[in-house]
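Source file: final_23.tsv (TSV, C-alpha atoms and all ligand atoms)
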chain	number	residue	atom	x	y	z
A	682	MET	CA	0.31	9.78	-27.53
A	683	TYR	CA	-2.81	10.16	-25.37
A	684	GLY	CA	-4.61	13.48	-25.98
A	685	LEU	CA	-6.35	16.06	-23.84
A	686	GLU	CA	-9.12	15.03	-21.47
A	687	ASN	CA	-11.81	17.11	-23.25
A	688	GLU	CA	-10.80	15.89	-26.73
A	689	ASP	CA	-9.61	12.32	-26.44
A	690	PRO	CA	-12.23	9.73	-25.36
A	691	ILE	CA	-9.46	7.30	-24.37
A	692	VAL	CA	-8.31	9.82	-21.78
A	693	LYS	CA	-11.75	11.00	-20.74
A	694	TYR	CA	-13.11	7.48	-20.19
A	695	TYR	CA	-9.86	5.77	-19.24
A	696	ASP	CA	-10.77	5.05	-15.62
A	697	GLU	CA	-14.27	3.79	-16.44
A	698	THR	CA	-13.59	1.71	-19.53
A	699	LEU	CA	-10.03	1.35	-20.66
A	700	ALA	CA	-7.95	0.65	-17.60
A	701	ILE	CA	-6.69	-2.84	-18.44
A	702	SER	CA	-5.45	-4.19	-15.13
A	703	GLY	CA	-8.15	-4.78	-12.58
A	704	GLU	CA	-8.29	-5.15	-8.81
A	705	SER	CA	-6.18	-8.31	-8.60
A	706	GLU	CA	-3.29	-6.90	-10.63
A	707	ILE	CA	-3.38	-3.64	-8.71
A	708	ASN	CA	-3.39	-5.54	-5.43
A	709	TRP	CA	-0.32	-7.42	-6.70
A	710	TYR	CA	1.48	-4.08	-7.08
A	711	LEU	CA	0.30	-2.87	-3.67
A	712	GLU	CA	1.45	-6.10	-1.98
A	713	LYS	CA	4.87	-5.91	-3.67
A	714	VAL	CA	5.32	-2.28	-2.61
A	715	LYS	CA	4.48	-3.37	0.95
A	716	THR	CA	7.35	-5.88	0.71
A	717	TYR	CA	9.96	-3.69	-0.99
A	718	GLY	CA	8.94	-0.30	0.42
A	719	GLY	CA	8.92	3.31	-0.65
A	720	PRO	CA	9.70	5.77	-1.97
A	721	VAL	CA	7.95	4.58	-5.12
A	722	LEU	CA	8.28	5.75	-8.71
A	723	ASP	CA	5.14	5.14	-10.80
A	724	LEU	CA	6.13	5.11	-14.48
A	725	ALA	CA	3.33	6.04	-16.92
A	726	CYS	CA	1.09	6.79	-13.95
A	727	GLY	CA	-1.82	7.86	-16.19
A	728	THR	CA	-4.74	9.20	-14.17
A	729	GLY	CA	-2.89	8.25	-11.01
A	730	ARG	CA	-5.11	5.34	-10.00
A	731	ILE	CA	-2.20	3.38	-8.46
A	732	THR	CA	-0.25	6.42	-7.26
A	733	LEU	CA	-3.32	7.59	-5.32
A	734	LEU	CA	-3.76	4.23	-3.57
A	735	LEU	CA	-0.08	4.30	-2.59
A	736	LEU	CA	-0.33	7.88	-1.33
A	737	ARG	CA	-3.35	6.91	0.77
A	738	GLN	CA	-1.25	4.13	2.28
A	739	GLY	CA	1.31	6.73	3.36
A	740	TYR	CA	4.02	6.27	0.71
A	741	GLU	CA	6.03	8.99	-0.96
A	742	VAL	CA	5.50	8.67	-4.72
A	743	ALA	CA	6.97	10.27	-7.83
A	744	SER	CA	4.85	9.83	-10.95
A	745	ILE	CA	5.77	10.29	-14.59
A	746	ASP	CA	3.56	10.31	-17.66
A	747	ASN	CA	3.85	12.04	-21.04
A	748	SER	CA	0.13	12.82	-21.43
A	749	GLU	CA	-1.05	16.21	-20.29
A	750	GLY	CA	-4.67	14.97	-20.43
A	751	MET	CA	-4.07	11.95	-18.18
A	752	LEU	CA	-2.06	14.09	-15.75
A	753	ASN	CA	-4.78	16.76	-15.68
A	754	ILE	CA	-7.30	14.13	-14.56
A	755	PHE	CA	-4.82	12.92	-11.95
A	756	LYS	CA	-4.29	16.47	-10.67
A	757	LYS	CA	-8.05	17.03	-10.39
A	758	LYS	CA	-8.31	13.89	-8.26
A	759	LEU	CA	-5.48	15.17	-6.06
A	760	GLU	CA	-7.32	18.44	-5.41
A	761	LYS	CA	-9.85	16.42	-3.39
A	762	GLU	CA	-7.15	14.94	-1.16
A	763	LEU	CA	-5.69	16.33	2.07
A	764	PRO	CA	-2.65	18.64	1.88
A	765	GLU	CA	-0.64	16.08	3.88
A	766	LEU	CA	-1.14	13.53	1.08
A	767	ARG	CA	-0.56	16.03	-1.72
A	768	LYS	CA	2.83	17.01	-0.36
A	769	ARG	CA	4.07	13.40	-0.72
A	770	VAL	CA	3.61	13.31	-4.50
A	771	PHE	CA	5.86	14.63	-7.24
A	772	ILE	CA	4.49	14.67	-10.80
A	773	GLU	CA	6.50	15.13	-13.97
A	774	LYS	CA	5.31	15.18	-17.59
A	775	ASN	CA	7.95	13.17	-19.36
A	776	LYS	CA	8.73	10.08	-21.39
A	777	ILE	CA	9.41	6.89	-19.43
A	778	SER	CA	12.42	6.31	-21.69
A	779	ASP	CA	14.08	9.65	-20.92
A	780	PHE	CA	13.80	11.01	-17.38
A	781	HIS	CA	16.31	12.08	-14.76
A	782	LEU	CA	14.89	12.88	-11.32
A	783	ASN	CA	18.16	12.95	-9.42
A	784	ARG	CA	16.87	10.64	-6.68
A	785	LYS	CA	16.57	6.91	-6.08
A	786	PHE	CA	13.62	4.67	-5.22
A	787	ARG	CA	13.09	1.37	-3.42
A	788	THR	CA	10.32	0.36	-5.82
A	789	ILE	CA	9.62	1.40	-9.39
A	790	ILE	CA	6.36	0.26	-10.97
A	791	CYS	CA	5.06	0.39	-14.54
A	792	CYS	CA	1.52	-0.93	-14.81
A	793	ASP	CA	0.12	-1.75	-18.27
A	794	SER	CA	2.61	0.61	-19.91
A	795	PHE	CA	6.04	-0.85	-20.64
A	796	PHE	CA	4.84	-1.66	-24.17
A	797	HIS	CA	4.40	2.08	-24.76
A	798	ASN	CA	8.15	2.06	-25.36
A	799	LEU	CA	7.69	1.71	-29.09
A	800	THR	CA	11.18	0.61	-30.15
A	801	VAL	CA	13.83	-1.66	-28.68
A	802	LYS	CA	15.99	1.45	-28.21
A	803	GLU	CA	13.21	3.06	-26.13
A	804	GLU	CA	12.84	-0.13	-24.09
A	805	ILE	CA	16.58	-0.17	-23.37
A	806	ASN	CA	16.59	3.55	-22.58
A	807	CYS	CA	13.67	3.03	-20.21
A	808	LEU	CA	15.49	0.18	-18.44
A	809	ASN	CA	18.63	2.33	-18.18
A	810	CYS	CA	16.57	5.13	-16.61
A	811	VAL	CA	15.04	2.59	-14.21
A	812	ALA	CA	18.52	1.34	-13.24
A	813	GLU	CA	19.68	4.93	-12.68
A	814	HIS	CA	16.77	5.52	-10.27
A	815	LEU	CA	16.81	2.27	-8.26
A	816	ARG	CA	18.46	1.95	-4.88
A	817	PRO	CA	20.87	-1.01	-4.68
A	818	GLU	CA	18.22	-3.21	-3.04
A	819	GLY	CA	15.43	-1.73	-5.19
A	820	ARG	CA	12.94	-3.58	-7.40
A	821	PHE	CA	11.38	-2.79	-10.77
A	822	LEU	CA	7.89	-4.25	-11.18
A	823	PHE	CA	6.05	-4.24	-14.48
A	824	ASN	CA	3.46	-6.24	-16.35
A	825	ILE	CA	2.75	-6.78	-20.00
A	826	PRO	CA	-1.03	-6.94	-20.39
A	827	ASN	CA	-2.58	-9.25	-22.96
A	828	PRO	CA	-6.31	-8.66	-22.66
A	829	PRO	CA	-8.78	-10.86	-24.58
A	830	LEU	CA	-10.60	-9.31	-27.53
A	831	SER	CA	-13.75	-9.20	-25.38
A	832	PHE	CA	-12.03	-6.52	-23.26
A	833	TYR	CA	-11.87	-4.13	-26.24
A	834	HIS	CA	-15.41	-5.04	-27.31
A	835	ASP	CA	-16.79	-4.34	-23.82
A	836	ALA	CA	-14.76	-1.13	-23.53
A	837	GLN	CA	-16.10	0.15	-26.86
A	838	ALA	CA	-19.68	-0.69	-25.88
A	839	GLN	CA	-19.29	1.04	-22.53
A	840	LYS	CA	-17.70	4.10	-24.16
A	841	ALA	CA	-20.63	4.31	-26.59
A	842	ARG	CA	-23.08	4.17	-23.67
A	843	TYR	CA	-21.25	7.01	-21.93
A	844	SER	CA	-21.26	9.16	-25.04
A	845	GLU	CA	-24.99	8.51	-25.63
A	846	ASN	CA	-25.63	9.72	-22.09
A	847	GLU	CA	-23.70	12.86	-22.86
A	848	ASN	CA	-25.80	13.26	-26.00
A	849	HIS	CA	-22.93	13.59	-28.39
A	850	ILE	CA	-21.00	11.36	-30.77
A	851	LEU	CA	-17.36	10.74	-29.99
A	901	LIG	C1	-2.64	1.95	-20.34
A	901	LIG	S1	-2.28	3.52	-19.53
A	901	LIG	C2	-1.72	2.96	-17.92
A	901	LIG	C3	-1.82	4.03	-16.88
A	901	LIG	C4	-1.54	3.58	-15.46
A	901	LIG	N1	-0.24	2.96	-15.31
A	901	LIG	C5	-2.64	2.66	-14.99
A	901	LIG	O1	-2.39	1.47	-14.78
A	901	LIG	O2	-3.78	3.12	-14.85
A	901	LIG	C6	-0.79	3.98	-20.36
A	901	LIG	C7	-0.19	5.30	-19.92
A	901	LIG	O3	1.10	5.41	-20.50
A	901	LIG	C8	1.29	6.77	-20.86
A	901	LIG	N2	2.36	6.77	-21.86
A	901	LIG	C9	2.33	6.26	-23.11
A	901	LIG	N3	3.53	6.36	-23.70
A	901	LIG	C10	4.35	6.95	-22.79
A	901	LIG	C11	5.72	7.34	-22.80
A	901	LIG	N4	6.50	7.09	-23.84
A	901	LIG	N5	6.21	7.95	-21.71
A	901	LIG	C12	5.42	8.21	-20.64
A	901	LIG	N6	4.13	7.85	-20.55
A	901	LIG	C13	3.59	7.23	-21.63
A	901	LIG	C14	-0.06	7.23	-21.35
A	901	LIG	O4	-0.17	8.62	-21.34
A	901	LIG	C15	-0.97	6.52	-20.36
A	901	LIG	O5	-1.23	7.34	-19.26

Now that the file is in, can you turn its structure into structure tokens?
Ligand SMILES: C[S@@+](CC[C@H](N)C(=O)[O-])C[C@H]1O[C@@H](n2cnc3c(N)ncnc32)[C@H](O)[C@@H]1O
Amino acid sequence: MYGLENEDPIVKYYDETLAISGESEINWYLEKVKTYGGPVLDLACGTGRITLLLLRQGYEVASIDNSEGMLNIFKKKLEKELPELRKRVFIEKNKISDFHLNRKFRTIICCDSFFHNLTVKEEINCLNCVAEHLRPEGRFLFNIPNPPLSFYHDAQAQKARYSENENHIL
């Protein structure tokens, strides 16, 4: 489980160093949403980097994540947005394998996160929840990242540089 933003470096530096998917993968999601439409459900939304882009494009988005720290960062980003955008987002702290929002979506996305279902049972539960929340013509889009070792090496080096700048050891 990801920790709090002032305690867990993974959370604190997620956007700068640890976000696995880059621009091309995110654009893939944005293009697919353009095709299949909103409303969108962003599973394991994290710091909201994809949800925010979708909101700025005018979509209605519901976002779920089980980390208070990641959601706190997301909420701080939202404070800088216009009220019109903020009213189109619904955020819930919950597991992606056990949620019931009582509404259906045209597109459900899960970027870099499906593997956070740690057992086959959780994977199946997550897929059942997805099925429960998809409209008949809806689509579920997810990716399974497989970054090269150099990604983790670079992320560690970058994290160390950030912490040096802050003058403390993580
Ligand atoms: C690699 S990050 C991806 C975040 C976001 N989708 C993105 O692309 O920036 C993984 C996210 O999954 C969340 N997470 C991990 N296990 C989860 C679970 N069982 N239910 C809900 N969220 C979970 C973490 O809190 C974290 O925000």

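Closest approach to ligand LIG 901 (chain A) from the set A:Asp746, A:Glu765, A:Glu804, A:Glu760 is made by A:Asp746, with distances taken over all atoms listed in the file.
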
| message | Just to confirm, what's the straight-line distance from atom CA of Ser831 of chain A to atom CA of Leu699 of chain A in Å (one decimal)? | response |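 Computing the Euclidean distance for atom CA of Ser831 of chain A and atom CA of Leu699 of chain A yields 12.1 Å.
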
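For the set A:Gly750, A:Ser744, A:Leu822, A:Lys758, the residue with the smallest atom-to-atom gap to Leu724 of chain A is A:Ser744, counting all atoms listed in the file.
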
Interface rows for chain A against ligand LIG 901 (chain A): nearest pair, Å to one decimal, 7 Å, all atoms listed in the file, as CSV:
residue,atom,partner,partner_atom,distance
A:Met682,CA,A:LIG901,C9,6.0
A:Tyr683,CA,A:LIG901,O4,5.1
A:Ala700,CA,A:LIG901,O2,5.6
A:Ile701,CA,A:LIG901,C1,6.6
A:Ser702,CA,A:LIG901,O1,6.4
A:Leu724,CA,A:LIG901,N1,6.8
A:Ala725,CA,A:LIG901,N6,4.1
A:Cys726,CA,A:LIG901,N1,4.3
A:Gly727,CA,A:LIG901,O5,3.2
A:Thr728,CA,A:LIG901,O2,6.2
A:Gly729,CA,A:LIG901,O2,6.5
A:Arg730,CA,A:LIG901,O2,5.5
A:Ile731,CA,A:LIG901,C5,6.6
A:Ile745,CA,A:LIG901,C12,6.4
A:Asp746,CA,A:LIG901,N6,3.8
A:Asn747,CA,A:LIG901,C12,4.2
A:Ser748,CA,A:LIG901,O4,4.2
A:Met751,CA,A:LIG901,O5,5.5
A:Asn775,CA,A:LIG901,C12,5.7
A:Lys776,CA,A:LIG901,N5,3.3
A:Ile777,CA,A:LIG901,N5,4.1
A:Ser778,CA,A:LIG901,N4,6.3
A:Cys791,CA,A:LIG901,N1,5.9
A:Cys792,CA,A:LIG901,N1,4.3
A:Asp793,CA,A:LIG901,C1,5.1
A:Ser794,CA,A:LIG901,C6,4.8
A:His797,CA,A:LIG901,N3,4.5
A:Asn798,CA,A:LIG901,N4,5.5

Do you have, as CSV, the list of residues of segment 763-844 of chain A lying at most 8 Å from segment 732-736 of chain A, each with its nearest atom pair and that distance in Å to one decimal, counting all atoms listed in the file and ordered by chain then number?
residue,atom,partner,partner_atom,distance
A:Leu766,CA,A:Leu736,CA,6.2
A:Arg769,CA,A:Leu736,CA,7.1
A:Val770,CA,A:Leu736,CA,7.4

Using C-alpha atoms, can you export the residues from the last selection as a compact mmCIF listing (two decimals), in the coordinates of the input?
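What landed in result20.txt:
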# COMPACT_ATOMS: atom_id res chain seq x y z
CA LEU A 766 -1.14 13.53 1.08
CA ARG A 769 4.07 13.40 -0.72
CA VAL A 770 3.61 13.31 -4.50

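The shortest atom-to-atom distance to Glu741 of chain A, with all atoms listed in the file taken into account, belongs to A:Lys785 out of A:His834, A:Arg820, A:Lys785, A:Lys802.
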
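The interatomic distance for the pair atom CA of Leu815 of chain A and atom CA of Ile789 of chain A works out to 7.3 Å.
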
Centre and edge lengths, as lines of an AutoDock Vina configuration file, for the axis-aligned box enclosing every listed atom of segment 772-776 of chain A with 4 Å of padding on each of the six sides, in Å to one decimal?
center_x = 6.6
center_y = 12.6
center_z = -16.1
size_x = 12.2
size_y = 13.1
size_z = 18.6

| said: As an exercise, work out the distance from atom CA of Phe823 of chain A to atom CA of Asp723 of chain A in Å and give it to one decimal place. | reply: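 If I compute the distance from atom CA of Phe823 of chain A to atom CA of Asp723 of chain A, I get 10.1 Å.
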
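Proximity ranking of A:Tyr694, A:Tyr740, A:Asn783, A:Asn824 relative to Tyr717 of chain A places A:Tyr740 first, based on all atoms listed in the file.
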
| request: Excluding Lys693 of chain A and residues on its chain fewer than 4 positions from it, collect all residues at most 9 Å away from it, counting all atoms listed in the file, and give them as a PyMOL selection string. | output: chain A and resi 685-689+697+750-751+754

| Taking all atoms listed in the file into account, which of A:Asp779, A:Asp696, A:Glu773, A:Glu803 comes nearest Val742 of chain A? | A:Glu773

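Proximity to Pro826 of chain A was assessed for A:Gly739, A:Arg787, A:Ile691, A:Gly703 counting all atoms listed in the file; the smallest distance is recorded for A:Gly703.
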
| request: Using all atoms listed in the file, determine which residues lie at most 12 Å from Gly819 of chain A, disregarding the query and same-chain residues fewer than 3 positions distant; provide the list as JSON, numbers by chain. | output: {"A": [713, 714, 716, 717, 718, 719, 720, 721, 722, 785, 786, 787, 788, 789, 790, 811, 812, 813, 814, 815, 816, 822]}
